[in-house]
Amino acid sequence: MKISIFSDCHCGFAYGSERGEDSFLGLEEAIEKSLDSDLILMAGDIFDTRVPRPEVFSRAARILSKAQHVPSRTSFSEIKNKEKHEISPLALRGIPIVAIHGTHERRSKHLVNPIQALEHAGLLIHLNCSTAVFEVDGKKVAIHGMSGVPDRYAGSVLREWNPQPIPDALNILMFHQSIEPYIYSPLEPPTIKLQDLPNGFDLYILGHIHWSEIKDLNSGKFLLTGSTTYTSLHKTESLQPKYVYQYNGEIKKIPLESQRKIFWNEFEYTSNIANDVESMLGSIPQMQNKPIAVLKIKGTLPKDSAPIDFNEIERKYSDRAIIKIDRKLKSESLKEQVELVKLIREQKLSPEEHGIRILEDNLKQLNCDINIQDIFDLLVEGDSEDIFNLLVKKNE
Ligand SMILES: [Mn+2]
């Protein structure tokens, strides 16, 4: 039995920009490299947003449908903790895809998230604290999936679900959470630890974190899938290629060739910084698939010095690399931001109130007189077109 696994395709990431194709190319290559498998597992964040635009949704849907046009020996056996009628017979054509939704797709209970929409369209089986069992050549395989929940609830959701391996089957447990020691944001501490995961599974899969790792866990294997495209450009992930995995007792890593190469560099600020940056950019070779250059500049900017302007250098090397310059320089404005976060924490505001507060502050700085509540609600709903119209009208 051969099972393909990948995660965090983030379709629609940087849509309309120079990197707008990358997420789709990652998904497409991952699916194409999975077409000789018996089952495809996706561990969350197929999309970059909760409400992907139709152009993004339909593109991802078309790519996924490729798995339905190849023959497979996989048959569906049963589903646990989910209604059988929710599974479309259409989703069982070809190589079945089993997916959980991730943090980027999570919506409130009464709304349909985009992974559920793909399930309704007959393109995959969506698991949320449920188990789908298949049979391949007389051998059973059980996929147990818990979709992404806010990290503070993850521990209690897992305890309540209490997944148990199915006897005489290959058992795979799939998550999309921060699980200690794999933490995405220190602001959201995990409530599950790796050692808390239940025993008896052959393979544990974790999406959400965008770099990749494989190790032994309990009596099975643990696979941190990583993403299929670069979004956050974390240092650890920059040093690895992107992968699709094939599992048949062992985990085989298959690198994705469609994704850009990353050139990662850290600089300590000196008065010679512009030259340092330029010589680094100049050393990047000409490549057919334009690489991404990430430059982190650290240190303290002297009080009387003018802000550094890299625009000219960025323009000069823009045909060689997509350039991301991150200035981590200590300055007064950073201090202000830290103060704001502290203030918000002390006042124990809800996430909505935090959001409104930050948005209010930003709009004030831009001298913008748009009604905060209006634009905030539109942002929550993901109505980017209405937001755009609102902003354009204000500008006029
Ligand atoms: Mn993700």
# chains A, B, ... in the order shown; residues from 1 in each chain; ligands from 1
>>> residues_near_ligand(ligand="ligand 1", cutoff="6 Å", atoms="only C-alpha atoms and all ligand atoms", output="MDAnalysis selection string")
chainID A and resid 8 45 208
>>> residues_around(residues="A:Ile251", least_positions_apart="4", cutoff="9 Å", atoms="only C-alpha atoms", output="VMD selection string")
chain A and resid 214 221 223 245 to 247
>>> write_last_selection(atoms="N, CA and C atoms", output="PDB file, in the first residue's frame")
ATOM      1  N   ILE A 214      11.069  14.255  10.370  1.00  0.00           N
ATOM      2  CA  ILE A 214      10.576  12.878  10.510  1.00  0.00           C
ATOM      3  C   ILE A 214      11.287  12.256  11.707  1.00  0.00           C
ATOM      4  N   LYS A 221       5.797   6.168  13.422  1.00  0.00           N
ATOM      5  CA  LYS A 221       6.598   7.276  12.892  1.00  0.00           C
ATOM      6  C   LYS A 221       5.826   8.573  13.079  1.00  0.00           C
ATOM      7  N   LEU A 223       5.517  12.373  11.327  1.00  0.00           N
ATOM      8  CA  LEU A 223       5.867  13.161  10.138  1.00  0.00           C
ATOM      9  C   LEU A 223       5.346  14.584  10.279  1.00  0.00           C
ATOM     10  N   TYR A 245       5.315  13.326   0.432  1.00  0.00           N
ATOM     11  CA  TYR A 245       5.843  12.106   1.058  1.00  0.00           C
ATOM     12  C   TYR A 245       5.071  10.895   0.572  1.00  0.00           C
ATOM     13  N   GLN A 246       5.789   9.778   0.511  1.00  0.00           N
ATOM     14  CA  GLN A 246       5.108   8.523   0.229  1.00  0.00           C
ATOM     15  C   GLN A 246       5.379   7.564   1.369  1.00  0.00           C
ATOM     16  N   TYR A 247       4.291   7.025   1.922  1.00  0.00           N
ATOM     17  CA  TYR A 247       4.410   6.135   3.083  1.00  0.00           C
ATOM     18  C   TYR A 247       4.022   4.712   2.699  1.00  0.00           C
TER      19      TYR A 247
END
>>> residues_around(residues="A:Pro189", least_positions_apart="6", cutoff="12 Å", atoms="only C-alpha atoms", output="number ranges by chain")
A: 150-155, 177-183
>>> write_last_selection(atoms="C-alpha atoms", output="compact mmCIF listing (two decimals), in the first residue's frame")
# COMPACT_ATOMS: atom_id res chain seq x y z
CA PRO A 150 -7.71 27.30 18.34
CA ASP A 151 -4.70 25.94 20.20
CA ARG A 152 -6.13 26.67 23.61
CA TYR A 153 -8.93 24.14 22.95
CA ALA A 154 -6.87 21.48 21.16
CA GLY A 155 -6.04 19.45 24.27
CA GLN A 177 -2.16 22.29 15.41
CA SER A 178 0.76 23.57 17.38
CA ILE A 179 1.94 20.46 19.20
CA GLU A 180 4.85 20.96 21.58
CA PRO A 181 7.71 21.21 20.59
CA TYR A 182 6.32 22.33 17.19
CA ILE A 183 5.02 25.84 17.78
>>> residues_around(residues="A:Met174", least_positions_apart="4", cutoff="7 Å", atoms="only C-alpha atoms", output="PyMOL selection string")
chain A and resi 43+144-146+204-206
>>> select_by_dssp(residues="stretch 96-325 of chain A", states="strand (DSSP E or B)", output="MDAnalysis selection string")
chainID A and resid 97:99 125:126 130:136 139:146 169:175 179:180 182 193 203:206 213:217 220:224 243:247 251:255 262:268 292:300 322:325
>>> residues_around(residues="A:His120", least_positions_apart="4", cutoff="9 Å", atoms="only C-alpha atoms", output="PyMOL selection string")
chain A and resi 86-88+115-116+124-125
>>> residues_around(residues="stretch 272-284 of chain A", least_positions_apart="5", cutoff="12 Å", atoms="only C-alpha atoms", output="PyMOL selection string")
chain A and resi 261-267+290-299+301+307-327
>>> select_by_dssp(residues="stretch 126-196 of chain A", states="alpha helix (DSSP H)", output="list in words")
Asp151, Arg152, Tyr153, Ala154, Gly155, Ser156, Val157, Leu158, Arg159, Glu160 and Trp161 of chain A
>>> write_last_selection(atoms="N, CA and C atoms", output="short mmCIF file (atom, residue, chain, number, x, y, z; two decimals), in the first residue's frame")
data_model
loop_
_atom_site.label_atom_id
_atom_site.label_comp_id
_atom_site.auth_asym_id
_atom_site.auth_seq_id
_atom_site.Cartn_x
_atom_site.Cartn_y
_atom_site.Cartn_z
N ASP A 151 -5.59 26.80 19.42
CA ASP A 151 -4.70 25.94 20.20
C ASP A 151 -5.12 25.77 21.66
N ARG A 152 -5.77 26.80 22.19
CA ARG A 152 -6.13 26.67 23.61
C ARG A 152 -7.18 25.58 23.85
N TYR A 153 -7.93 25.19 22.79
CA TYR A 153 -8.93 24.14 22.95
C TYR A 153 -8.44 22.76 22.51
N ALA A 154 -7.28 22.72 21.84
CA ALA A 154 -6.87 21.48 21.16
C ALA A 154 -6.78 20.30 22.13
N GLY A 155 -6.20 20.53 23.30
CA GLY A 155 -6.04 19.45 24.27
C GLY A 155 -7.37 18.84 24.67
N SER A 156 -8.35 19.70 24.98
CA SER A 156 -9.64 19.16 25.44
C SER A 156 -10.42 18.53 24.27
N VAL A 157 -10.29 19.08 23.07
CA VAL A 157 -10.95 18.47 21.90
C VAL A 157 -10.40 17.06 21.66
N LEU A 158 -9.07 16.93 21.77
CA LEU A 158 -8.44 15.63 21.55
C LEU A 158 -8.87 14.63 22.63
N ARG A 159 -8.90 15.10 23.89
CA ARG A 159 -9.30 14.20 24.98
C ARG A 159 -10.74 13.72 24.80
N GLU A 160 -11.61 14.66 24.39
CA GLU A 160 -13.01 14.30 24.21
C GLU A 160 -13.19 13.32 23.05
N TRP A 161 -12.46 13.57 21.96
CA TRP A 161 -12.56 12.68 20.79
C TRP A 161 -11.97 11.31 21.12
#
>>> closest_residue(among="A:Ser34, A:Asn81, A:Ser185, A:Asn199", to="A:Ile97", atoms="only C-alpha atoms")
A:Ser34
>>> residues_around(residues="A:Pro71", least_positions_apart="2", cutoff="10 Å", atoms="only C-alpha atoms", output="MDAnalysis selection string")
chainID A and resid 35:38 67:69 73:74 93:95
>>> closest_residue(among="A:Leu203, A:Leu390, A:Leu118, A:Ile209", to="A:Thr236", atoms="only C-alpha atoms")
A:Ile209
>>> closest_residue(among="A:Val112, A:Ala61, A:Val380, A:Ile370", to="A:Gly355", atoms="only C-alpha atoms")
A:Val380
>>> atom_distance(atom1="atom CA of A:Thr231", atom2="atom CA of A:Phe388")
23.4 Å
>>> atom_distance(atom1="atom CA of A:Val133", atom2="atom CA of A:Ile166")
9.0 Å
